>>> print(open('input.pdb').read())   # PDB, C-alpha atoms and all ligand atoms
ATOM      1  CA  MET A   9      41.518  19.693 127.654
ATOM      2  CA  LYS A  10      41.645  21.397 124.241
ATOM      3  CA  TYR A  11      39.075  19.724 122.016
ATOM      4  CA  CYS A  12      35.574  18.429 122.471
ATOM      5  CA  SER A  13      35.397  14.635 122.655
ATOM      6  CA  THR A  14      31.893  14.767 121.158
ATOM      7  CA  CYS A  15      32.480  16.830 117.993
ATOM      8  CA  GLY A  16      36.221  17.574 117.830
ATOM      9  CA  GLN A  17      35.885  21.375 117.937
ATOM     10  CA  PRO A  18      37.855  23.494 120.473
ATOM     11  CA  VAL A  19      36.588  23.898 124.042
ATOM     12  CA  GLU A  20      36.695  26.999 126.206
ATOM     13  CA  GLN A  21      36.605  27.449 129.961
ATOM     14  CA  ARG A  22      33.531  29.204 131.295
ATOM     15  CA  ILE A  23      30.913  28.974 134.009
ATOM     16  CA  PRO A  24      27.772  27.450 132.502
ATOM     17  CA  GLU A  25      24.424  28.993 133.379
ATOM     18  CA  GLY A  26      23.194  27.758 136.751
ATOM     19  CA  ASP A  27      26.672  26.491 137.702
ATOM     20  CA  ASN A  28      29.304  28.087 139.932
ATOM     21  CA  ARG A  29      32.553  26.639 138.579
ATOM     22  CA  TYR A  30      34.593  26.906 135.438
ATOM     23  CA  ARG A  31      34.015  23.981 133.085
ATOM     24  CA  TYR A  32      35.313  22.995 129.687
ATOM     25  CA  VAL A  33      32.491  23.831 127.297
ATOM     26  CA  CYS A  34      32.495  23.114 123.556
ATOM     27  CA  VAL A  35      32.274  26.268 121.451
ATOM     28  CA  SER A  36      30.414  24.354 118.746
ATOM     29  CA  CYS A  37      28.025  21.805 120.285
ATOM     30  CA  ASP A  38      27.828  23.317 123.824
ATOM     31  CA  THR A  39      28.637  20.001 125.511
ATOM     32  CA  ILE A  40      29.848  20.610 129.084
ATOM     33  CA  HIS A  41      32.805  18.349 129.896
ATOM     34  CA  TYR A  42      32.690  17.817 133.676
ATOM     35  CA  GLN A  43      35.865  16.681 135.398
ATOM     36  CA  ASN A  44      35.730  14.920 138.774
ATOM     37  CA  PRO A  45      38.195  13.314 141.191
ATOM     38  CA  ARG A  46      39.564   9.872 140.445
ATOM     39  CA  ILE A  47      39.573   6.989 142.893
ATOM     40  CA  ILE A  48      42.697   4.943 143.561
ATOM     41  CA  ALA A  49      41.926   1.645 145.315
ATOM     42  CA  GLY A  50      44.406  -0.699 146.931
ATOM     43  CA  THR A  51      45.101  -3.117 149.750
ATOM     44  CA  VAL A  52      47.310  -3.592 152.776
ATOM     45  CA  PRO A  53      48.033  -7.285 152.149
ATOM     46  CA  VAL A  54      49.186  -9.240 155.192
ATOM     47  CA  TRP A  55      50.653 -12.696 155.522
ATOM     48  CA  ASP A  56      52.085 -14.194 158.675
ATOM     49  CA  GLY A  57      52.352 -10.820 160.423
ATOM     50  CA  ARG A  58      54.163  -9.192 157.543
ATOM     51  CA  ILE A  59      53.031  -6.700 154.888
ATOM     52  CA  LEU A  60      53.370  -7.271 151.165
ATOM     53  CA  LEU A  61      54.889  -4.378 149.209
ATOM     54  CA  CYS A  62      55.669  -4.093 145.504
ATOM     55  CA  ARG A  63      58.587  -2.230 143.961
ATOM     56  CA  ARG A  64      57.343  -0.092 141.091
ATOM     57  CA  ALA A  65      58.505  -0.876 137.547
ATOM     58  CA  ILE A  66      56.743   2.209 136.170
ATOM     59  CA  GLU A  67      56.911   5.968 136.527
ATOM     60  CA  PRO A  68      56.226   7.926 138.594
ATOM     61  CA  ARG A  69      58.376   6.697 141.485
ATOM     62  CA  TYR A  70      60.109   3.955 139.539
ATOM     63  CA  GLY A  71      61.963   1.652 141.938
ATOM     64  CA  TYR A  72      60.037   2.808 145.013
ATOM     65  CA  TRP A  73      58.017   0.472 147.224
ATOM     66  CA  THR A  74      54.251   0.710 147.281
ATOM     67  CA  LEU A  75      51.130  -0.980 148.497
ATOM     68  CA  PRO A  76      49.345  -2.530 145.521
ATOM     69  CA  ALA A  77      46.881   0.109 144.297
ATOM     70  CA  GLY A  78      45.677   1.752 141.144
ATOM     71  CA  PHE A  79      42.957   3.627 139.329
ATOM     72  CA  MET A  80      39.509   2.174 139.672
ATOM     73  CA  GLU A  81      37.953   1.029 136.388
ATOM     74  CA  ASN A  82      34.396   1.681 135.254
ATOM     75  CA  ALA A  83      31.874  -1.009 136.179
ATOM     76  CA  GLU A  84      33.801  -2.353 139.161
ATOM     77  CA  THR A  85      33.395  -1.836 142.903
ATOM     78  CA  THR A  86      36.136  -0.361 145.066
ATOM     79  CA  ILE A  87      36.709  -3.807 146.625
ATOM     80  CA  GLU A  88      36.981  -5.395 143.177
ATOM     81  CA  ALA A  89      39.408  -2.677 142.115
ATOM     82  CA  ALA A  90      41.578  -3.181 145.206
ATOM     83  CA  ALA A  91      41.663  -6.960 144.751
ATOM     84  CA  ARG A  92      42.367  -6.634 141.018
ATOM     85  CA  GLU A  93      45.269  -4.244 141.567
ATOM     86  CA  THR A  94      46.715  -6.650 144.142
ATOM     87  CA  ARG A  95      46.397  -9.518 141.650
ATOM     88  CA  GLU A  96      47.948  -7.478 138.818
ATOM     89  CA  GLU A  97      50.844  -5.877 140.706
ATOM     90  CA  ALA A  98      51.692  -8.570 143.264
ATOM     91  CA  LEU A  99      50.219 -11.708 141.618
ATOM     92  CA  ALA A 100      48.483 -12.300 144.941
ATOM     93  CA  GLU A 101      44.940 -13.414 145.664
ATOM     94  CA  VAL A 102      43.532 -11.827 148.804
ATOM     95  CA  SER A 103      40.464 -11.880 150.979
ATOM     96  CA  ILE A 104      39.325  -8.373 151.870
ATOM     97  CA  ASP A 105      39.031  -7.912 155.644
ATOM     98  CA  GLY A 106      37.641  -4.380 155.800
ATOM     99  CA  LEU A 107      38.012  -0.762 154.759
ATOM    100  CA  TYR A 108      41.095   0.782 156.306
ATOM    101  CA  SER A 109      41.788   4.291 154.972
ATOM    102  CA  ILE A 110      40.189   6.931 152.793
ATOM    103  CA  ILE A 111      42.647   9.699 152.011
ATOM    104  CA  ASP A 112      41.546  12.729 150.025
ATOM    105  CA  VAL A 113      44.260  14.421 147.980
ATOM    106  CA  PRO A 114      42.317  17.451 146.748
ATOM    107  CA  HIS A 115      45.195  19.338 145.115
ATOM    108  CA  ILE A 116      45.614  16.491 142.587
ATOM    109  CA  ASN A 117      41.911  15.583 142.423
ATOM    110  CA  GLN A 118      42.311  12.067 143.806
ATOM    111  CA  VAL A 119      40.807   9.903 146.534
ATOM    112  CA  HIS A 120      42.915   6.968 147.748
ATOM    113  CA  MET A 121      41.185   4.027 149.442
ATOM    114  CA  PHE A 122      42.952   1.084 151.066
ATOM    115  CA  TYR A 123      41.407  -2.141 152.331
ATOM    116  CA  ARG A 124      42.887  -4.519 154.878
ATOM    117  CA  ALA A 125      43.524  -7.850 153.174
ATOM    118  CA  THR A 126      44.967 -11.296 153.840
ATOM    119  CA  LEU A 127      46.817 -13.374 151.267
ATOM    120  CA  LEU A 128      44.803 -16.498 150.495
ATOM    121  CA  ASP A 129      47.694 -18.948 150.369
ATOM    122  CA  GLY A 130      50.855 -16.899 150.900
ATOM    123  CA  SER A 131      51.850 -16.878 147.247
ATOM    124  CA  PHE A 132      52.809 -13.665 145.460
ATOM    125  CA  GLY A 133      55.097 -12.417 142.718
ATOM    126  CA  ALA A 134      55.927  -9.489 140.485
ATOM    127  CA  GLY A 135      53.283  -8.387 138.005
ATOM    128  CA  GLU A 136      54.067  -6.369 134.883
ATOM    129  CA  GLU A 137      54.117  -3.064 136.759
ATOM    130  CA  SER A 138      56.404  -4.377 139.518
ATOM    131  CA  LEU A 139      60.125  -5.120 139.656
ATOM    132  CA  GLU A 140      59.623  -7.408 142.653
ATOM    133  CA  SER A 141      57.373  -7.856 145.634
ATOM    134  CA  ARG A 142      58.206  -9.047 149.114
ATOM    135  CA  LEU A 143      56.897  -9.345 152.658
ATOM    136  CA  PHE A 144      58.166  -6.841 155.217
ATOM    137  CA  ALA A 145      58.051  -7.150 158.985
ATOM    138  CA  ALA A 146      57.140  -3.953 160.863
ATOM    139  CA  ASP A 147      60.789  -3.036 161.489
ATOM    140  CA  GLU A 148      61.854  -3.703 157.890
ATOM    141  CA  ILE A 149      59.639  -1.185 156.067
ATOM    142  CA  PRO A 150      61.869   0.904 153.745
ATOM    143  CA  TRP A 151      60.448   4.279 154.844
ATOM    144  CA  ASP A 152      62.817   6.324 152.682
ATOM    145  CA  GLU A 153      61.796   4.415 149.578
ATOM    146  CA  ILE A 154      58.009   4.498 149.884
ATOM    147  CA  SER A 155      56.299   5.646 146.693
ATOM    148  CA  PHE A 156      53.546   8.049 147.750
ATOM    149  CA  PRO A 157      52.435  10.006 150.852
ATOM    150  CA  THR A 158      49.092   8.145 150.970
ATOM    151  CA  VAL A 159      50.930   4.804 151.098
ATOM    152  CA  LYS A 160      53.252   6.045 153.837
ATOM    153  CA  LYS A 161      50.344   7.408 155.864
ATOM    154  CA  THR A 162      48.351   4.182 155.546
ATOM    155  CA  LEU A 163      51.362   2.036 156.489
ATOM    156  CA  LYS A 164      52.129   4.158 159.557
ATOM    157  CA  LEU A 165      48.544   3.958 160.795
ATOM    158  CA  PHE A 166      48.410   0.239 160.095
ATOM    159  CA  LEU A 167      51.670  -0.622 161.846
ATOM    160  CA  ASN A 168      50.546   1.262 164.969
ATOM    161  CA  GLU A 169      47.409  -0.837 165.118
ATOM    162  CA  MET A 170      48.942  -4.128 164.068
ATOM    163  CA  GLU A 171      50.412  -4.523 167.563
ATOM    164  CA  THR A 172      46.948  -4.626 169.124
ATOM    165  CA  GLY A 173      44.973  -6.012 166.200
ATOM    166  CA  ASN A 174      42.287  -3.365 166.746
ATOM    167  CA  TYR A 175      41.914  -1.701 163.373
ATOM    168  CA  GLY A 176      39.943   1.481 162.854
ATOM    169  CA  VAL A 177      38.809   3.163 159.667
ATOM    170  CA  HIS A 178      40.842   6.282 158.959
ATOM    171  CA  ILE A 179      39.393   9.149 156.965
ATOM    172  CA  THR A 180      41.950  11.855 156.420
ATOM    173  CA  ASP A 181      43.558  14.035 153.788
ATOM    174  CA  ILE A 182      46.910  15.102 152.455
ATOM    175  CA  ARG A 183      47.534  18.726 151.503
ATOM    176  CA  PRO A 184      50.497  20.275 149.744
ATOM    177  CA  ARG A 185      53.296  21.243 152.099
ATOM    178  CA  ILE A 186      53.232  24.890 153.154
ATOM    179  CA  THR A 187      56.807  26.126 152.945
ATOM    180  CA  LYS A 188      56.313  29.659 154.288
ATOM    181  CA  GLU A 189      55.415  30.216 157.888
ATOM    182  CA  GLU A 190      52.039  31.891 158.251
ATOM    183  CA  PRO A 191      52.571  35.546 159.282
ATOM    184  CA  HIS A 192      49.920  35.368 162.022
ATOM    185  CA  SER A 193      51.241  32.180 163.588
ATOM    186  CA  THR A 194      53.363  33.976 166.204
ATOM    187  CA  SER A 195      50.605  36.261 167.496
ATOM    188  CA  SER A 196      48.645  33.379 169.033
ATOM    189  CA  ARG A 197      51.362  32.953 171.676
ATOM    190  CA  ASN A 198      50.683  36.442 173.056
ATOM    191  CA  THR A 199      47.182  35.851 174.349
ATOM    192  CA  SER A 200      47.020  36.702 178.012
TER     193      SER A 200
HETATM  194 ZN    ZN A 301      31.518  19.700 120.712
END
>>> encode(input="input.pdb", output="structure tokens")
Amino acid sequence: MKYCSTCGQPVEQRIPEGDNRYRYVCVSCDTIHYQNPRIIAGTVPVWDGRILLCRRAIEPRYGYWTLPAGFMENAETTIEAAARETREEALAEVSIDGLYSIIDVPHINQVHMFYRATLLDGSFGAGEESLESRLFAADEIPWDEISFPTVKKTLKLFLNEMETGNYGVHITDIRPRITKEEPHSTSSRNTS
């Protein structure tokens, strides 16, 4: 952020009085511009024991397969957002069967939420943001071409539980990969 959306003057980063974090604050009108995580809502749409995936027609991850999901809009509920994204990306109407996963992605300031869903009549297609959509059986999921870690994680959890039909609610997170081994990680083996 460079300029104040209230008055158009430059902003600076500082900790406002009574706060404990850096915020963008307008140098002219003193407006504090708070920034908070964004919610991505989507579905795991099922029909006849198979899962509906869409192939992305937009960046990032153009050409990769994804569960229908997208940024929540103002004035809608998370369920409405999930159903709307499914309608827009997969041209599919769904009934929402329950919350399935909440995955925090703190290093990019996002929260991803997926609902279990059933196609209403089995019809689907490719919306403007999709190249195609299709139903995948459990052993057909294109794991190497899945768009995002939150989608992969949700699919893996879901496929494990699809065999039994006992679905939980999974609250988890995804952190950036640590490439270096922690220096203290070997010492824990020497406790005796
Ligand atoms: Zn201002």
>>> residues_around(input="input.pdb", residues="Ala90 (chain A)", least_positions_apart="5", cutoff="12 Å", atoms="only C-alpha atoms", output="JSON list (two decimals) with C-alpha atoms, keeping the file's coordinate frame")
[["chain", "number", "residue", "atom", "x", "y", "z"],
["A", 47, "ILE", "CA", 39.57, 6.99, 142.89],
["A", 48, "ILE", "CA", 42.70, 4.94, 143.56],
["A", 49, "ALA", "CA", 41.93, 1.64, 145.32],
["A", 50, "GLY", "CA", 44.41, -0.70, 146.93],
["A", 51, "THR", "CA", 45.10, -3.12, 149.75],
["A", 52, "VAL", "CA", 47.31, -3.59, 152.78],
["A", 53, "PRO", "CA", 48.03, -7.28, 152.15],
["A", 75, "LEU", "CA", 51.13, -0.98, 148.50],
["A", 76, "PRO", "CA", 49.34, -2.53, 145.52],
["A", 77, "ALA", "CA", 46.88, 0.11, 144.30],
["A", 78, "GLY", "CA", 45.68, 1.75, 141.14],
["A", 79, "PHE", "CA", 42.96, 3.63, 139.33],
["A", 80, "MET", "CA", 39.51, 2.17, 139.67],
["A", 81, "GLU", "CA", 37.95, 1.03, 136.39],
["A", 84, "GLU", "CA", 33.80, -2.35, 139.16],
["A", 85, "THR", "CA", 33.40, -1.84, 142.90],
["A", 95, "ARG", "CA", 46.40, -9.52, 141.65],
["A", 96, "GLU", "CA", 47.95, -7.48, 138.82],
["A", 97, "GLU", "CA", 50.84, -5.88, 140.71],
["A", 98, "ALA", "CA", 51.69, -8.57, 143.26],
["A", 100, "ALA", "CA", 48.48, -12.30, 144.94],
["A", 101, "GLU", "CA", 44.94, -13.41, 145.66],
["A", 102, "VAL", "CA", 43.53, -11.83, 148.80],
["A", 103, "SER", "CA", 40.46, -11.88, 150.98],
["A", 104, "ILE", "CA", 39.33, -8.37, 151.87],
["A", 105, "ASP", "CA", 39.03, -7.91, 155.64],
["A", 106, "GLY", "CA", 37.64, -4.38, 155.80],
["A", 107, "LEU", "CA", 38.01, -0.76, 154.76],
["A", 108, "TYR", "CA", 41.10, 0.78, 156.31],
["A", 120, "HIS", "CA", 42.92, 6.97, 147.75],
["A", 121, "MET", "CA", 41.18, 4.03, 149.44],
["A", 122, "PHE", "CA", 42.95, 1.08, 151.07],
["A", 123, "TYR", "CA", 41.41, -2.14, 152.33],
["A", 124, "ARG", "CA", 42.89, -4.52, 154.88],
["A", 125, "ALA", "CA", 43.52, -7.85, 153.17]]
>>> closest_atom_pairs(input="input.pdb", of="chain A", to="ligand ZN 301 (chain A)", cutoff="8 Å", atoms="all atoms listed in the file", output="CSV")
residue,atom,partner,partner_atom,distance
A:Tyr11,CA,A:ZN301,ZN,7.7
A:Cys12,CA,A:ZN301,ZN,4.6
A:Ser13,CA,A:ZN301,ZN,6.7
A:Thr14,CA,A:ZN301,ZN,5.0
A:Cys15,CA,A:ZN301,ZN,4.1
A:Gly16,CA,A:ZN301,ZN,5.9
A:Gln17,CA,A:ZN301,ZN,5.4
A:Pro18,CA,A:ZN301,ZN,7.4
A:Val19,CA,A:ZN301,ZN,7.4
A:Val33,CA,A:ZN301,ZN,7.8
A:Cys34,CA,A:ZN301,ZN,4.5
A:Val35,CA,A:ZN301,ZN,6.7
A:Ser36,CA,A:ZN301,ZN,5.2
A:Cys37,CA,A:ZN301,ZN,4.1
A:Asp38,CA,A:ZN301,ZN,6.0
A:Thr39,CA,A:ZN301,ZN,5.6
>>> closest_residue(input="input.pdb", among="A:Gly57, A:Val119, A:Glu136, A:Ile111", to="Thr94 (chain A)", atoms="only C-alpha atoms")
A:Glu136
>>> atom_distance(input="input.pdb", atom1="CA of Ala83 (chain A)", atom2="CA of Ile182 (chain A)")
27.4 Å
>>> residues_around(input="input.pdb", residues="Gln118 (chain A)", least_positions_apart="3", cutoff="8 Å", atoms="only C-alpha atoms", output="ChimeraX atom specification")
/A:45-48,112-115
>>> resolve_selection(input="input.pdb", expression="the PyMOL selection byres (((chain A and resi 155-172) around 7) and not hetatm)", output="PyMOL selection string")
chain A and resi 69+72-75+109+111+146+153-154+173-175
